[in-house]
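A.B. asks: The following block contains the structure, expressed as structure tokens.
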Number of protein chains: 2
Amino acid sequence: MRKGTGKLIAASPSVCADVLYAGGFNAPDEVLYFETGREKGLILSQLEYARGREEARKTVRVWSRETFLEDDQEDRSDRAVLLNLSRRFGVTEWSVPASFPLLTADFLRSNGVGVTAAGGEFFPKRLVKTAAELREIAKAEAVTEESMRYARDLIRQARVNSRGFLMLGGRVFTCDMLRSEIEGFLKSRGYTASQTITSCGRAASQPHNLGSGPLMAGEPIVCDIFPRSDRSGYWGDMTRTFCKGKASAIVRKAFAAVVKGSETALSMIRSGVCAAEVHLAAAETMAAAGFPTGRNAEGIPCGFIHGLGHGLGLEIHEGPRVSPLNRKALVKGNVVSVEPGLYDPAWGGIRLEDIVAVTENGCRNFNTMEKELELP
Amino acid sequence: MRKGTGKLIAASPSVCADVLYAGGFNAPDEVLYFETGREKGLILSQLEYARGREEARKTVRVWSRETFLEDDQEDRSDRAVLLNLSRRFGVTEWSVPASFPLLTADFLRSNGVGVTAAGGEFFPKRLVKTAAELREIAKAEAVTEESMRYARDLIRQARVNSRGFLMLGGRVFTCDMLRSEIEGFLKSRGYTASQTITSCGRAASQPHNLGSGPLMAGEPIVCDIFPRSDRSGYWGDMTRTFCKGKASAIVRKAFAAVVKGSETALSMIRSGVCAAEVHLAAAETMAAAGFPTGRNAEGIPCGFIHGLGHGLGLEIHEGPRVSPLNRKALVKGNVVSVEPGLYDPAWGGIRLEDIVAVTENGCRNFNTMEKELELP
């Protein structure tokens with residue numbers, strides 16, 4: 001690092017993975033993190049100071065914000081702390097994340113301290129997971145898969161009433177009940193999930209529709225489960241699509257196309273492959289199977305209407321993206337989702353998602369659960 | 001709004017309450033929201049477009065991001081969308097939240113579009129809750145209180161073994177088990193809690209220490225529960241401190257001081273009172289009871305080491321703050337926590353937190369649960 005320069009973050013670790021990664025300390029409110037020369041520091045309020053000294057990374061020095069405020073100073077905001085920090089350490093140019101708060105940046109600039117937002121990753125190392133990180137992700141994905149098997153077993157156990165509604169324990173089995181069961185299962189294992197997708201039928205044609213109302217036999221049920229470990233902060237993410245009883249011919253055909261799209265992508269992923277090419281190959285596979293991407297008569301996007309995958313770690317969606325917009329190569333240690341899907345309001349949606357780690361010669365799939373559509 | 005000006009947000013609704021509030025639409029990834037003249041718009045990706053049209057506020061028009069990109073345009077980032085949006089609507093000056101991402105702001109500025117971060121609240125209306133919002137908060141706080149009673153009952157049910165450990169169902173009852181029970185209770189009711197504080201003894205002297213290890217008889221157990229409604233996005237927040245069996249004389253004395261601090265604050269809150277004065281009165285009450293704020297011999301902050309309260313709504317911590325730094329008056333419709341506490345590594349910590357709505361002549365306390373220390 002050049003003299004007079006440094007890296008700076010002002011954000012809540014519960015929201016900003018960069019500061020959680022760098023400081024190793026979680027808190028609900030904004031904390032300040034900086035690096036300059038050999039110094040790495042975390043600046044905490046009184047409220048967090050004692051805990052920070054115990055919990056933060058050992059390579060990071062924990063400071064109290066009062067250290068950077070004069071006793072009689074009126075402005076006691078984080079901006080004032082940062083200005084004094086810059087002066088104390090002689091930093092005239094900070095590099096900050098793209099998401100750095102504009103008001104804070106403008107305040108520092110107007111006081112003669114340069115602030116430049118990084119265009120790409122702020123900590124490129126986050127894209128390449130260490131062995132310890134891979135273990136945390138493997139753990140999170142294993143628990144996620146356990147909850148998926150639990151969801152599948154509930155759908156299997158359900159009976160179907162004369163109107164085609166799923167019934168469980170004598171009650172109509174709804175999307176909300178299935179979500180609640182999955183999230184409760186995870187919570188009791190130390191994982192927090194919310195906004196879990198358990199959508200059925202037409203609603204499943206909107207990839208992020210959470211789903212509501214009764215689960216229906218003969219319709220695709222999309223289960224997209226993405227919990228975060230309360231302890232480590234790492235995420236799991238997995239999707240399967242089920243159908244209670246017989247699916248329609250079009251849904252069966254779409255499911256087979258998505259399975260093929262997934263297989264195509266999984267067979268291509270290895271260190272050095274262009275991310276966009278993996279997406280495009282999966283898209284072509286599904287188009288060739290009869291499901292091109294475009295808009296229907298009402299202008300609603302149909303087909304494969306999202307990227308094939310995203311990185312996953314301390315953020316649920318992080319780099320590298322596996323989409324037509326990312327022409328870069330995947331490298332060993334990247335962890336990405338592989339989640340082709342097909343959507344059409346005429347029949348619903350299908351999505352199948354695994355999490356894989358990119359290796360030298362291929363990829364390691366953290367998921368072992370089969371991709372089966374129809375459940376008895 | 002002046003011609004050529006507008007309001008702009010670029011953020012994920014799951015993280016940024018302003019955009020959730022304005023658009024009425026939740027999503028995991030960044031969305032774009034703007035107001036100019038009479039137009040209010042939400043710009044969504046293909047992935048979210050159809051759902052957005054159904055779920056967003058009816059006063060907000062939903063646009064597809066492709067509308068603001070040329071077919072052959074290489075840069076398909078949100079920044080490019082925002083530049084085209086500015087040109088299309090003739091906006092030359094955007095007002096944005098303090099947290100607006102710096103990289104995006106600098107891009108717009110370098111292309112001749114002004115961007116100014118709001119120093120205070122971006123939507124001041126958020127500070128004054130509507131009747132509908134008060135109902136959502138009341139619901140969230142009622143469920144939070146139910147979970148607190150559940151936690152208290154578990155501690156009551158526990159037995160104490162010969163080493164002073166709490167035992168439940170034949171196992172050592174730990175901080176983590178209590179947290180898991182509380183969070184599972186809430187999850188099954190459609191509320192997500194994580195990082196729930198269930199700390200005991202010395203750990204409780206750090207206000208945000210989550211707690212780990214066995215719950216001990218005769219030590220203060222701080223339970224701070226803050227779940228978010230999965231449906232509405234509004235938060236609850238509540239703290240009680242319990243002791244299984246007899247507490248030490250100093251803990252009993254500190255508990256009585258915090259109860260007095262709470263009563264002092266609750267009796268002062270009404271439309272027009274200065275927020276800082278409420279904090280200071282609670283602090284003085286506790287100091288007069290023998291618990292001044294300062295540092296111990298090791299330099300660790302002790303006493304009442306945080307603000308008395310914070311606003312609560314779509315964010316767990318929002319305006320108005322009830323702290324020495326906020327000299328403004330509270331007004332009718334504000335919702336704030338009242339959470340005096342005392343902390344000392346020598347004996348642990350005590351915190352008691354209620355949520356109240358400020359009214360014309362006083363406040364409405366959403367909590368009814370007694371403040372009792374010792375449990376049989």
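Letters for chains follow the order of the structure tokens (A, B, ...), residue numbers begin at 1 for each chain, and ligand numbers begin at 1 in the order shown.
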Give me the least-squares superposed chain B (reference chain A; all C-alpha atoms paired in order) as a compact mmCIF listing (two decimals) with C-alpha atoms, in the first residue's frame.
C.D. replies:
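Saved result, part05.txt, follows:
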```txt
# COMPACT_ATOMS: atom_id res chain seq x y z
CA MET B 1 0.08 -0.02 0.08
CA ARG B 2 1.41 3.40 -0.88
CA LYS B 3 2.17 5.79 2.01
CA GLY B 4 -0.76 8.08 2.73
CA THR B 5 -3.23 5.57 1.33
CA GLY B 6 -5.47 2.97 2.93
CA LYS B 7 -8.61 0.88 2.70
CA LEU B 8 -11.72 1.93 4.54
CA ILE B 9 -15.17 0.47 5.21
CA ALA B 10 -18.08 2.05 7.09
CA ALA B 11 -20.90 -0.48 7.32
CA SER B 12 -22.78 -2.92 9.50
CA PRO B 13 -21.21 -6.41 9.49
CA SER B 14 -24.69 -7.91 9.52
CA VAL B 15 -25.26 -6.37 6.08
CA CYS B 16 -21.79 -5.84 4.59
CA ALA B 17 -19.88 -9.08 4.11
CA ASP B 18 -16.61 -7.23 3.40
CA VAL B 19 -16.41 -5.80 6.89
CA LEU B 20 -17.49 -9.09 8.49
CA TYR B 21 -14.77 -10.85 6.47
CA ALA B 22 -12.04 -8.34 7.30
CA GLY B 23 -12.85 -7.74 10.97
CA GLY B 24 -14.19 -11.16 11.95
CA PHE B 25 -16.68 -9.36 14.16
CA ASN B 26 -20.48 -9.27 13.81
CA ALA B 27 -22.70 -6.45 15.04
CA PRO B 28 -26.05 -4.95 14.05
CA ASP B 29 -24.88 -1.34 13.69
CA GLU B 30 -22.27 0.42 11.56
CA VAL B 31 -18.64 -0.22 12.46
CA LEU B 32 -15.52 1.30 10.91
CA TYR B 33 -12.69 -0.80 9.50
CA PHE B 34 -9.42 0.45 8.05
CA GLU B 35 -6.08 -0.75 6.73
CA THR B 36 -3.07 1.48 6.28
CA GLY B 37 0.54 0.39 6.10
CA ARG B 38 0.70 -2.63 8.40
CA GLU B 39 -2.13 -1.44 10.61
CA LYS B 40 -5.54 -3.12 10.48
CA GLY B 41 -8.13 -1.58 12.76
CA LEU B 42 -11.74 -1.87 13.80
CA ILE B 43 -13.30 1.18 15.44
CA LEU B 44 -16.19 0.34 17.74
CA SER B 45 -18.62 2.18 19.97
CA GLN B 46 -18.52 1.80 23.76
CA LEU B 47 -21.36 -0.65 23.36
CA GLU B 48 -19.25 -3.06 21.29
CA TYR B 49 -15.72 -2.31 22.43
CA ALA B 50 -15.20 -5.01 25.08
CA ARG B 51 -16.83 -7.72 22.95
CA GLY B 52 -14.85 -6.61 19.91
CA ARG B 53 -11.56 -7.04 21.77
CA GLU B 54 -12.50 -10.67 22.47
CA GLU B 55 -14.13 -11.63 19.18
CA ALA B 56 -12.40 -9.72 16.37
CA ARG B 57 -9.63 -11.28 14.26
CA LYS B 58 -6.40 -11.36 16.18
CA THR B 59 -4.59 -9.50 13.37
CA VAL B 60 -6.98 -6.57 13.75
CA ARG B 61 -6.52 -3.97 16.46
CA VAL B 62 -9.73 -2.82 18.14
CA TRP B 63 -10.12 0.88 18.88
CA SER B 64 -12.78 2.76 20.78
CA ARG B 65 -14.37 5.53 18.70
CA GLU B 66 -13.68 7.97 21.55
CA THR B 67 -9.97 7.60 20.70
CA PHE B 68 -10.68 9.54 17.52
CA LEU B 69 -12.83 12.28 19.04
CA GLU B 70 -11.76 15.26 21.10
CA ASP B 71 -13.54 15.42 24.45
CA ASP B 72 -15.13 18.75 23.61
CA GLN B 73 -15.87 17.96 19.96
CA GLU B 74 -19.50 18.66 19.11
CA ASP B 75 -19.80 16.45 16.01
CA ARG B 76 -19.51 12.89 17.34
CA SER B 77 -20.65 11.17 14.15
CA ASP B 78 -18.80 8.41 12.33
CA ARG B 79 -17.83 11.02 9.72
CA ALA B 80 -16.03 13.05 12.36
CA VAL B 81 -14.28 9.90 13.61
CA LEU B 82 -13.12 9.11 10.06
CA LEU B 83 -11.76 12.59 9.47
CA ASN B 84 -9.73 12.42 12.68
CA LEU B 85 -8.59 8.90 11.80
CA SER B 86 -7.36 10.12 8.40
CA ARG B 87 -5.39 12.93 10.03
CA ARG B 88 -3.98 10.74 12.81
CA PHE B 89 -2.65 8.14 10.35
CA GLY B 90 -1.77 10.66 7.64
CA VAL B 91 -4.07 9.07 5.08
CA THR B 92 -4.98 11.39 2.21
CA GLU B 93 -6.54 8.80 -0.09
CA TRP B 94 -8.88 5.99 0.93
CA SER B 95 -9.96 3.12 -1.27
CA VAL B 96 -13.51 2.08 -0.34
CA PRO B 97 -16.10 -0.49 -1.50
CA ALA B 98 -18.50 0.42 -4.33
CA SER B 99 -21.29 0.57 -1.76
CA PHE B 100 -19.49 3.09 0.51
CA PRO B 101 -22.04 5.65 1.78
CA LEU B 102 -22.04 8.75 -0.40
CA LEU B 103 -22.68 11.25 2.39
CA THR B 104 -19.61 10.07 4.31
CA ALA B 105 -17.44 10.15 1.18
CA ASP B 106 -18.54 13.67 0.30
CA PHE B 107 -17.81 14.86 3.84
CA LEU B 108 -14.27 13.46 3.74
CA ARG B 109 -13.66 14.88 0.27
CA SER B 110 -14.86 18.33 1.29
CA ASN B 111 -12.29 18.14 4.09
CA GLY B 112 -9.45 17.31 1.74
CA VAL B 113 -9.39 13.53 2.11
CA GLY B 114 -9.65 11.57 -1.15
CA VAL B 115 -12.11 8.68 -1.41
CA THR B 116 -12.23 6.32 -4.40
CA ALA B 117 -14.73 3.52 -4.80
CA ALA B 118 -13.33 0.21 -6.01
CA GLY B 119 -14.91 -0.82 -9.29
CA GLY B 120 -14.62 -4.55 -8.70
CA GLU B 121 -14.23 -6.71 -5.64
CA PHE B 122 -12.95 -4.86 -2.57
CA PHE B 123 -11.29 -8.01 -1.22
CA PRO B 124 -10.67 -10.16 -4.32
CA LYS B 125 -9.56 -12.95 -1.96
CA ARG B 126 -13.20 -13.43 -1.01
CA LEU B 127 -13.87 -14.97 -4.44
CA VAL B 128 -11.39 -17.78 -3.80
CA LYS B 129 -12.48 -19.69 -0.77
CA THR B 130 -9.95 -21.04 1.72
CA ALA B 131 -10.16 -24.61 2.98
CA ALA B 132 -11.78 -23.31 6.16
CA GLU B 133 -14.38 -21.41 4.16
CA LEU B 134 -15.14 -24.45 2.00
CA ARG B 135 -15.76 -26.44 5.19
CA GLU B 136 -18.24 -23.81 6.43
CA ILE B 137 -20.07 -23.74 3.10
CA ALA B 138 -20.15 -27.55 2.95
CA LYS B 139 -21.70 -27.60 6.42
CA ALA B 140 -24.29 -24.99 5.52
CA GLU B 141 -25.20 -26.78 2.29
CA ALA B 142 -25.49 -30.14 4.08
CA VAL B 143 -28.01 -28.68 6.53
CA THR B 144 -29.84 -27.02 3.64
CA GLU B 145 -30.08 -30.37 1.89
CA GLU B 146 -31.35 -32.03 5.09
CA SER B 147 -34.15 -29.47 5.17
CA MET B 148 -34.92 -30.16 1.49
CA ARG B 149 -35.26 -33.88 2.20
CA TYR B 150 -37.54 -32.99 5.10
CA ALA B 151 -39.69 -30.85 2.77
CA ARG B 152 -39.83 -33.62 0.18
CA ASP B 153 -40.88 -36.13 2.83
CA LEU B 154 -43.70 -33.86 4.00
CA ILE B 155 -45.01 -33.60 0.43
CA ARG B 156 -44.75 -37.38 0.12
CA GLN B 157 -46.66 -37.87 3.37
CA ALA B 158 -49.44 -35.53 2.30
CA ARG B 159 -52.69 -36.93 0.94
CA VAL B 160 -54.73 -35.36 -1.84
CA ASN B 161 -58.35 -34.38 -1.28
CA SER B 162 -61.15 -34.42 -3.85
CA ARG B 163 -60.35 -30.85 -4.97
CA GLY B 164 -56.70 -31.72 -5.59
CA PHE B 165 -55.45 -29.91 -2.45
CA LEU B 166 -52.64 -31.49 -0.45
CA MET B 167 -53.72 -32.41 3.08
CA LEU B 168 -51.39 -32.96 6.04
CA GLY B 169 -52.47 -33.91 9.56
CA GLY B 170 -56.09 -33.35 8.63
CA ARG B 171 -55.52 -29.75 7.43
CA VAL B 172 -55.05 -28.23 3.99
CA PHE B 173 -51.27 -28.16 3.48
CA THR B 174 -50.37 -24.67 2.25
CA CYS B 175 -47.25 -23.04 0.79
CA ASP B 176 -46.94 -21.05 4.03
CA MET B 177 -47.07 -24.19 6.20
CA LEU B 178 -44.36 -25.83 4.11
CA ARG B 179 -42.20 -22.68 4.38
CA SER B 180 -42.75 -22.55 8.14
CA GLU B 181 -41.82 -26.24 8.52
CA ILE B 182 -38.59 -25.78 6.53
CA GLU B 183 -37.58 -22.61 8.34
CA GLY B 184 -38.36 -24.10 11.77
CA PHE B 185 -36.29 -27.18 10.90
CA LEU B 186 -33.34 -24.93 10.02
CA LYS B 187 -33.74 -22.61 13.02
CA SER B 188 -33.49 -25.51 15.43
CA ARG B 189 -30.14 -26.34 13.79
CA GLY B 190 -28.74 -22.80 14.16
CA TYR B 191 -29.56 -21.58 10.66
CA THR B 192 -31.77 -18.62 9.78
CA ALA B 193 -33.94 -18.79 6.69
CA SER B 194 -36.63 -16.38 5.66
CA GLN B 195 -38.37 -15.63 2.37
CA THR B 196 -37.96 -19.34 1.57
CA ILE B 197 -39.67 -19.99 -1.74
CA THR B 198 -42.38 -22.64 -1.62
CA SER B 199 -44.46 -21.70 -4.63
CA CYS B 200 -46.89 -23.80 -6.57
CA GLY B 201 -48.45 -23.68 -10.02
CA ARG B 202 -48.71 -20.34 -11.80
CA ALA B 203 -46.97 -18.45 -8.93
CA ALA B 204 -43.87 -20.58 -9.58
CA SER B 205 -43.54 -18.88 -12.97
CA GLN B 206 -42.23 -15.85 -11.04
CA PRO B 207 -38.81 -16.99 -9.82
CA HIS B 208 -38.94 -15.04 -6.53
CA ASN B 209 -42.64 -15.44 -5.75
CA LEU B 210 -42.72 -16.87 -2.21
CA GLY B 211 -45.93 -18.79 -2.81
CA SER B 212 -49.18 -18.75 -0.85
CA GLY B 213 -52.38 -20.75 -0.69
CA PRO B 214 -52.88 -24.52 -0.88
CA LEU B 215 -50.28 -26.82 -2.41
CA MET B 216 -51.95 -28.53 -5.38
CA ALA B 217 -51.42 -32.03 -6.72
CA GLY B 218 -50.23 -32.22 -10.31
CA GLU B 219 -48.59 -28.76 -10.21
CA PRO B 220 -44.87 -27.97 -9.95
CA ILE B 221 -43.83 -26.96 -6.42
CA VAL B 222 -40.59 -24.94 -6.36
CA CYS B 223 -38.64 -25.14 -3.07
CA ASP B 224 -35.74 -22.69 -2.94
CA ILE B 225 -34.08 -22.77 0.49
CA PHE B 226 -31.27 -20.38 1.45
CA PRO B 227 -30.37 -20.29 5.14
CA ARG B 228 -27.47 -18.50 6.81
CA SER B 229 -25.46 -20.01 9.64
CA ASP B 230 -26.05 -17.94 12.77
CA ARG B 231 -22.57 -18.90 13.92
CA SER B 232 -20.34 -18.60 10.87
CA GLY B 233 -22.34 -16.22 8.66
CA TYR B 234 -21.92 -18.51 5.62
CA TRP B 235 -24.94 -19.34 3.45
CA GLY B 236 -26.42 -22.45 1.94
CA ASP B 237 -28.67 -22.34 -1.14
CA MET B 238 -30.53 -25.11 -2.92
CA THR B 239 -33.60 -25.57 -5.11
CA ARG B 240 -35.66 -28.58 -6.09
CA THR B 241 -38.99 -28.74 -7.89
CA PHE B 242 -41.51 -31.42 -6.94
CA CYS B 243 -44.90 -32.51 -8.15
CA LYS B 244 -47.32 -34.44 -5.96
CA GLY B 245 -48.56 -37.24 -8.21
CA LYS B 246 -48.53 -37.06 -12.00
CA ALA B 247 -47.24 -33.91 -13.69
CA SER B 248 -48.59 -32.65 -17.01
CA ALA B 249 -46.71 -33.53 -20.19
CA ILE B 250 -45.35 -29.97 -20.60
CA VAL B 251 -44.09 -29.85 -16.99
CA ARG B 252 -42.40 -33.24 -17.39
CA LYS B 253 -40.78 -32.04 -20.60
CA ALA B 254 -39.62 -28.77 -18.99
CA PHE B 255 -38.24 -30.67 -15.99
CA ALA B 256 -36.22 -32.96 -18.26
CA ALA B 257 -34.89 -29.89 -20.10
CA VAL B 258 -33.77 -28.23 -16.86
CA VAL B 259 -32.08 -31.46 -15.71
CA LYS B 260 -30.21 -31.48 -19.03
CA GLY B 261 -29.31 -27.79 -18.64
CA SER B 262 -27.92 -28.56 -15.18
CA GLU B 263 -25.91 -31.54 -16.44
CA THR B 264 -24.50 -29.49 -19.33
CA ALA B 265 -23.36 -26.75 -16.94
CA LEU B 266 -21.94 -29.13 -14.31
CA SER B 267 -19.94 -30.98 -16.96
CA MET B 268 -18.33 -27.73 -18.17
CA ILE B 269 -17.39 -26.10 -14.88
CA ARG B 270 -13.66 -26.23 -14.15
CA SER B 271 -10.87 -23.79 -13.50
CA GLY B 272 -10.42 -21.68 -16.63
CA VAL B 273 -13.86 -21.96 -18.20
CA CYS B 274 -15.53 -18.69 -19.20
CA ALA B 275 -18.52 -18.08 -16.87
CA ALA B 276 -20.72 -16.68 -19.66
CA GLU B 277 -20.08 -19.78 -21.80
CA VAL B 278 -21.42 -22.03 -19.07
CA HIS B 279 -24.61 -19.98 -18.86
CA LEU B 280 -25.02 -19.92 -22.62
CA ALA B 281 -24.49 -23.67 -22.99
CA ALA B 282 -27.18 -24.38 -20.39
CA ALA B 283 -29.52 -21.93 -22.12
CA GLU B 284 -28.89 -23.53 -25.52
CA THR B 285 -29.49 -27.01 -24.13
CA MET B 286 -32.88 -25.93 -22.82
CA ALA B 287 -33.75 -24.02 -26.01
CA ALA B 288 -32.86 -27.10 -28.07
CA ALA B 289 -35.20 -29.12 -25.84
CA GLY B 290 -38.05 -26.85 -26.90
CA PHE B 291 -37.79 -24.00 -24.37
CA PRO B 292 -36.34 -20.85 -25.88
CA THR B 293 -36.24 -17.60 -23.86
CA GLY B 294 -38.39 -14.65 -24.85
CA ARG B 295 -41.67 -12.95 -24.05
CA ASN B 296 -45.21 -14.28 -24.25
CA ALA B 297 -48.13 -12.47 -25.95
CA GLU B 298 -48.65 -10.29 -22.83
CA GLY B 299 -45.01 -9.23 -22.79
CA ILE B 300 -44.14 -11.38 -19.76
CA PRO B 301 -40.60 -12.82 -19.91
CA CYS B 302 -40.68 -16.60 -20.33
CA GLY B 303 -38.08 -19.35 -20.54
CA PHE B 304 -34.69 -19.10 -18.79
CA ILE B 305 -35.07 -15.56 -17.46
CA HIS B 306 -32.22 -15.31 -14.97
CA GLY B 307 -28.52 -16.02 -14.74
CA LEU B 308 -27.32 -19.60 -14.34
CA GLY B 309 -25.62 -18.94 -11.04
CA HIS B 310 -24.02 -16.67 -8.49
CA GLY B 311 -21.15 -16.88 -6.08
CA LEU B 312 -21.99 -17.76 -2.48
CA GLY B 313 -20.13 -17.33 0.79
CA LEU B 314 -20.67 -14.63 3.42
CA GLU B 315 -23.20 -13.20 0.96
CA ILE B 316 -26.05 -15.15 -0.54
CA HIS B 317 -25.37 -13.49 -3.90
CA GLU B 318 -21.74 -12.54 -4.50
CA GLY B 319 -19.12 -12.90 -7.21
CA PRO B 320 -18.48 -14.57 -9.53
CA ARG B 321 -21.74 -14.36 -11.45
CA VAL B 322 -22.37 -17.13 -13.95
CA SER B 323 -24.28 -15.09 -16.50
CA PRO B 324 -23.88 -13.75 -20.03
CA LEU B 325 -22.49 -10.54 -18.51
CA ASN B 326 -19.44 -12.22 -16.94
CA ARG B 327 -16.87 -13.08 -19.61
CA LYS B 328 -14.20 -13.90 -16.99
CA ALA B 329 -12.92 -17.39 -16.27
CA LEU B 330 -13.98 -19.30 -13.20
CA VAL B 331 -11.01 -20.27 -11.05
CA LYS B 332 -10.27 -22.95 -8.50
CA GLY B 333 -11.83 -22.07 -5.15
CA ASN B 334 -14.81 -20.18 -6.57
CA VAL B 335 -18.09 -21.38 -5.12
CA VAL B 336 -21.12 -20.89 -7.36
CA SER B 337 -24.71 -21.98 -7.70
CA VAL B 338 -25.81 -23.88 -10.79
CA GLU B 339 -29.50 -23.16 -11.11
CA PRO B 340 -31.05 -23.40 -14.53
CA GLY B 341 -34.80 -22.81 -14.62
CA LEU B 342 -37.73 -22.47 -16.97
CA TYR B 343 -40.75 -20.24 -16.36
CA ASP B 344 -44.05 -19.75 -18.13
CA PRO B 345 -47.31 -18.46 -16.63
CA ALA B 346 -49.08 -21.07 -18.78
CA TRP B 347 -47.77 -23.96 -16.70
CA GLY B 348 -45.61 -22.59 -13.82
CA GLY B 349 -41.90 -22.88 -13.19
CA ILE B 350 -39.09 -25.38 -12.72
CA ARG B 351 -35.75 -24.63 -11.05
CA LEU B 352 -32.99 -26.99 -9.91
CA GLU B 353 -30.06 -25.61 -7.94
CA ASP B 354 -26.85 -27.14 -6.65
CA ILE B 355 -23.84 -25.44 -5.08
CA VAL B 356 -20.41 -26.37 -6.40
CA ALA B 357 -16.79 -25.48 -5.72
CA VAL B 358 -14.66 -25.02 -8.83
CA THR B 359 -11.63 -27.32 -8.89
CA GLU B 360 -8.63 -27.72 -11.18
CA ASN B 361 -10.31 -30.31 -13.40
CA GLY B 362 -13.99 -29.97 -12.70
CA CYS B 363 -16.12 -29.15 -9.72
CA ARG B 364 -17.11 -30.53 -6.36
CA ASN B 365 -20.88 -30.64 -5.96
CA PHE B 366 -21.92 -30.02 -2.34
CA ASN B 367 -25.31 -31.56 -3.09
CA THR B 368 -26.04 -35.24 -3.39
CA MET B 369 -29.84 -35.22 -3.46
CA GLU B 370 -31.39 -36.62 -6.63
CA LYS B 371 -33.43 -34.41 -8.96
CA GLU B 372 -36.83 -36.12 -9.01
CA LEU B 373 -40.04 -34.42 -10.06
CA GLU B 374 -42.97 -36.68 -9.26
CA LEU B 375 -43.53 -37.77 -5.67
CA PRO B 376 -45.95 -40.56 -4.83
```
A.B. asks: Using DSSP secondary structure from the backbone, list all strand (DSSP E) positions within segment 139-336 of chain A, as a PyMOL selection string.
C.D. replies: chain A and resi 159-160+166-168+171-172+191-192+197-200+220-225+228-229+238-244+294-295+301-302+309-311+318-322+335-336
